[in-house]
Amino acid sequence: MATILIVDDSMTMMEGHKRILEKAGHVVYSADNGEAGIARAIELQPDLILMDVVMPKMNGFQATRKLTRDDRTKHIPVIIVTSKDQKTDIMWGKRQGAQDYLIKPAEEKQLLGTVSKLLMAASA
């Protein structure tokens, strides 16, 4: 399947998403803050990134903006997965370059559907 990077400082959320994605056959890596997420994305060149917003050092909006504007990583789709559920948050996340935006806790069917949709679009 695909290589997916999860950037989230919540071990509980990260493990939950990892379990869902691995069950679907994906290879999953992780980072616990935005800075580490950028470094891992450059190193691993994953097929897709799941990005939390509220994290130490660098938030997910900042990390998404850097990833989607860097020639080394701008081809990698980013899905923001966060508890920030206001319309302005969603709009801001997409303006930073996120391909999609899910509200935590994302249900298994919704997460896998969004991941599959973006992986198919990226390979087309």
# chains A, B, ... in the order shown; residues from 1 in each chain; ligands from 1
>>> closest_atom_pairs(of="stretch 6-45 of chain A", to="stretch 54-70 of chain A", cutoff="10 Å", atoms="only C-alpha atoms", output="CSV")
residue,atom,partner,partner_atom,distance
A:Val7,CA,A:Gly60,CA,8.1
A:Asp8,CA,A:Met55,CA,7.0
A:Asp9,CA,A:Met55,CA,5.9
A:Ser10,CA,A:Met55,CA,8.7
A:Asp32,CA,A:Met55,CA,7.7
A:Asn33,CA,A:Met55,CA,5.6
A:Gly34,CA,A:Met58,CA,4.8
A:Glu35,CA,A:Met58,CA,6.0
A:Ala36,CA,A:Met58,CA,9.1
A:Gly37,CA,A:Ala63,CA,7.5
A:Ile38,CA,A:Leu67,CA,6.5
A:Ala39,CA,A:Leu67,CA,9.7
A:Ala41,CA,A:Leu67,CA,8.0
A:Ile42,CA,A:Leu67,CA,8.7
>>> write_last_selection(atoms="all heavy atoms", output="compact mmCIF listing (two decimals), in the first residue's frame")
# COMPACT_ATOMS: atom_id res chain seq x y z
N VAL A 7 1.94 13.07 12.08
CA VAL A 7 2.59 14.09 12.89
C VAL A 7 1.58 14.51 13.96
O VAL A 7 0.59 15.19 13.65
CB VAL A 7 3.05 15.30 12.06
CG1 VAL A 7 3.82 16.28 12.92
CG2 VAL A 7 3.90 14.85 10.87
N ASP A 8 1.80 14.08 15.20
CA ASP A 8 0.84 14.33 16.28
C ASP A 8 1.55 14.15 17.61
O ASP A 8 2.30 13.20 17.79
CB ASP A 8 -0.33 13.34 16.17
CG ASP A 8 -1.56 13.76 16.95
OD1 ASP A 8 -1.39 14.34 18.06
OD2 ASP A 8 -2.67 13.49 16.49
N ASP A 9 1.31 15.06 18.55
CA ASP A 9 1.95 14.95 19.86
C ASP A 9 1.14 14.10 20.84
O ASP A 9 1.60 13.82 21.94
CB ASP A 9 2.23 16.33 20.46
CG ASP A 9 0.97 17.11 20.76
OD1 ASP A 9 -0.04 16.93 20.04
OD2 ASP A 9 0.99 17.93 21.70
N SER A 10 -0.05 13.66 20.45
CA SER A 10 -0.87 12.79 21.30
C SER A 10 -0.59 11.34 20.94
O SER A 10 -0.95 10.88 19.86
CB SER A 10 -2.36 13.09 21.10
OG SER A 10 -3.15 12.06 21.67
N ASP A 32 6.44 13.66 16.59
CA ASP A 32 5.60 14.21 17.65
C ASP A 32 5.52 15.74 17.68
O ASP A 32 4.97 16.31 18.62
CB ASP A 32 6.00 13.67 19.01
CG ASP A 32 7.41 14.06 19.41
OD1 ASP A 32 8.08 14.79 18.66
OD2 ASP A 32 7.84 13.63 20.50
N ASN A 33 6.06 16.41 16.65
CA ASN A 33 5.87 17.85 16.55
C ASN A 33 6.13 18.28 15.11
O ASN A 33 6.62 17.50 14.30
CB ASN A 33 6.77 18.62 17.54
CG ASN A 33 8.24 18.45 17.25
OD1 ASN A 33 8.75 18.90 16.22
ND2 ASN A 33 8.96 17.80 18.16
N GLY A 34 5.78 19.52 14.79
CA GLY A 34 5.89 20.01 13.43
C GLY A 34 7.29 20.00 12.87
O GLY A 34 7.52 19.60 11.72
N GLU A 35 8.27 20.41 13.67
CA GLU A 35 9.66 20.43 13.21
C GLU A 35 10.14 19.02 12.87
O GLU A 35 10.75 18.80 11.83
CB GLU A 35 10.57 21.05 14.28
CG GLU A 35 10.42 22.53 14.43
CD GLU A 35 11.31 23.11 15.52
OE1 GLU A 35 12.02 22.34 16.21
OE2 GLU A 35 11.28 24.34 15.68
N ALA A 36 9.87 18.08 13.76
CA ALA A 36 10.27 16.70 13.52
C ALA A 36 9.52 16.13 12.31
O ALA A 36 10.07 15.35 11.53
CB ALA A 36 10.00 15.84 14.75
N GLY A 37 8.26 16.54 12.15
CA GLY A 37 7.45 16.08 11.02
C GLY A 37 8.04 16.53 9.69
O GLY A 37 8.08 15.75 8.73
N ILE A 38 8.50 17.76 9.62
CA ILE A 38 9.12 18.26 8.40
C ILE A 38 10.39 17.47 8.09
O ILE A 38 10.60 17.03 6.95
CB ILE A 38 9.42 19.77 8.51
CG1 ILE A 38 8.11 20.56 8.52
CG2 ILE A 38 10.33 20.23 7.37
CD1 ILE A 38 8.27 22.02 8.87
N ALA A 39 11.22 17.26 9.10
CA ALA A 39 12.46 16.51 8.90
C ALA A 39 12.17 15.09 8.44
O ALA A 39 12.82 14.58 7.51
CB ALA A 39 13.28 16.50 10.20
N ALA A 41 9.47 14.02 6.89
CA ALA A 41 8.88 14.05 5.55
C ALA A 41 9.97 14.18 4.48
O ALA A 41 9.92 13.51 3.45
CB ALA A 41 7.88 15.20 5.44
N ILE A 42 10.96 15.02 4.75
CA ILE A 42 12.06 15.18 3.80
C ILE A 42 12.85 13.88 3.69
O ILE A 42 13.19 13.43 2.60
CB ILE A 42 12.97 16.36 4.22
CG1 ILE A 42 12.22 17.68 4.05
CG2 ILE A 42 14.27 16.36 3.42
CD1 ILE A 42 12.88 18.87 4.71
>>> residues_around(residues="stretch 19-31 of chain A", least_positions_apart="2", cutoff="10 Å", atoms="only C-alpha atoms", output="number ranges by chain")
A: 1-9, 11, 13-17, 33-41, 44, 46-51, 107-109, 111-112, 115
>>> residues_around(residues="stretch 84-89 of chain A", least_positions_apart="4", cutoff="10 Å", atoms="only C-alpha atoms", output="list in words")
Asp52, Val53, Val54, Phe61, Ile80, Gly93, Lys94, Arg95, Tyr101, Leu102, Ile103 and Lys104 of chain A
>>> select_by_dssp(residues="chain A", states="strand (DSSP E)", output="ChimeraX atom specification")
/A:3-7,27-31,48-51,78-82,100-103
>>> closest_residue(among="A:Lys18, A:Lys117, A:Gln45, A:Ser123", to="A:Ile79", atoms="only C-alpha atoms")
A:Lys117
>>> decode(residues="stretch 71-90 of chain A", atoms="N, CA and C atoms", output="PDB file, in the first residue's frame")
ATOM      1  N   ASP A  71      10.031  22.505  -2.315  1.00  0.00           N
ATOM      2  CA  ASP A  71      10.114  21.681  -3.527  1.00  0.00           C
ATOM      3  C   ASP A  71      10.329  20.200  -3.224  1.00  0.00           C
ATOM      4  N   ARG A  72      10.971  19.891  -2.093  1.00  0.00           N
ATOM      5  CA  ARG A  72      11.235  18.493  -1.739  1.00  0.00           C
ATOM      6  C   ARG A  72       9.995  17.765  -1.243  1.00  0.00           C
ATOM      7  N   THR A  73       8.980  18.506  -0.779  1.00  0.00           N
ATOM      8  CA  THR A  73       7.820  17.859  -0.147  1.00  0.00           C
ATOM      9  C   THR A  73       6.465  18.344  -0.669  1.00  0.00           C
ATOM     10  N   LYS A  74       6.450  19.310  -1.558  1.00  0.00           N
ATOM     11  CA  LYS A  74       5.163  19.892  -1.969  1.00  0.00           C
ATOM     12  C   LYS A  74       4.255  18.924  -2.721  1.00  0.00           C
ATOM     13  N   HIS A  75       4.804  17.828  -3.218  1.00  0.00           N
ATOM     14  CA  HIS A  75       4.010  16.820  -3.922  1.00  0.00           C
ATOM     15  C   HIS A  75       3.281  15.873  -2.959  1.00  0.00           C
ATOM     16  N   ILE A  76       3.604  15.931  -1.678  1.00  0.00           N
ATOM     17  CA  ILE A  76       3.019  15.009  -0.696  1.00  0.00           C
ATOM     18  C   ILE A  76       1.708  15.586  -0.163  1.00  0.00           C
ATOM     19  N   PRO A  77       0.581  14.886  -0.343  1.00  0.00           N
ATOM     20  CA  PRO A  77      -0.683  15.393   0.184  1.00  0.00           C
ATOM     21  C   PRO A  77      -0.674  15.415   1.715  1.00  0.00           C
ATOM     22  N   VAL A  78      -1.244  16.486   2.285  1.00  0.00           N
ATOM     23  CA  VAL A  78      -1.351  16.630   3.738  1.00  0.00           C
ATOM     24  C   VAL A  78      -2.826  16.666   4.114  1.00  0.00           C
ATOM     25  N   ILE A  79      -3.187  15.841   5.086  1.00  0.00           N
ATOM     26  CA  ILE A  79      -4.527  15.881   5.681  1.00  0.00           C
ATOM     27  C   ILE A  79      -4.355  16.387   7.100  1.00  0.00           C
ATOM     28  N   ILE A  80      -5.001  17.490   7.415  1.00  0.00           N
ATOM     29  CA  ILE A  80      -4.974  17.965   8.792  1.00  0.00           C
ATOM     30  C   ILE A  80      -6.014  17.169   9.571  1.00  0.00           C
ATOM     31  N   VAL A  81      -5.596  16.616  10.710  1.00  0.00           N
ATOM     32  CA  VAL A  81      -6.481  15.855  11.596  1.00  0.00           C
ATOM     33  C   VAL A  81      -6.345  16.492  12.974  1.00  0.00           C
ATOM     34  N   THR A  82      -7.384  17.223  13.388  1.00  0.00           N
ATOM     35  CA  THR A  82      -7.286  18.028  14.604  1.00  0.00           C
ATOM     36  C   THR A  82      -8.632  18.157  15.301  1.00  0.00           C
ATOM     37  N   SER A  83      -8.592  18.612  16.529  1.00  0.00           N
ATOM     38  CA  SER A  83      -9.827  18.895  17.262  1.00  0.00           C
ATOM     39  C   SER A  83     -10.330  20.307  16.965  1.00  0.00           C
ATOM     40  N   LYS A  84      -9.539  21.124  16.279  1.00  0.00           N
ATOM     41  CA  LYS A  84      -9.934  22.488  15.926  1.00  0.00           C
ATOM     42  C   LYS A  84     -10.989  22.409  14.821  1.00  0.00           C
ATOM     43  N   ASP A  85     -12.252  22.662  15.205  1.00  0.00           N
ATOM     44  CA  ASP A  85     -13.356  22.383  14.296  1.00  0.00           C
ATOM     45  C   ASP A  85     -14.131  23.606  13.791  1.00  0.00           C
ATOM     46  N   GLN A  86     -13.587  24.790  13.984  1.00  0.00           N
ATOM     47  CA  GLN A  86     -14.270  25.992  13.509  1.00  0.00           C
ATOM     48  C   GLN A  86     -14.071  26.145  11.999  1.00  0.00           C
ATOM     49  N   LYS A  87     -15.051  26.756  11.329  1.00  0.00           N
ATOM     50  CA  LYS A  87     -14.945  26.963   9.883  1.00  0.00           C
ATOM     51  C   LYS A  87     -13.691  27.750   9.520  1.00  0.00           C
ATOM     52  N   THR A  88     -13.333  28.718  10.369  1.00  0.00           N
ATOM     53  CA  THR A  88     -12.130  29.508  10.084  1.00  0.00           C
ATOM     54  C   THR A  88     -10.873  28.647  10.176  1.00  0.00           C
ATOM     55  N   ASP A  89     -10.848  27.669  11.098  1.00  0.00           N
ATOM     56  CA  ASP A  89      -9.710  26.750  11.207  1.00  0.00           C
ATOM     57  C   ASP A  89      -9.586  25.906   9.938  1.00  0.00           C
ATOM     58  N   ILE A  90     -10.717  25.384   9.492  1.00  0.00           N
ATOM     59  CA  ILE A  90     -10.731  24.540   8.293  1.00  0.00           C
ATOM     60  C   ILE A  90     -10.260  25.343   7.084  1.00  0.00           C
TER      61      ILE A  90
END
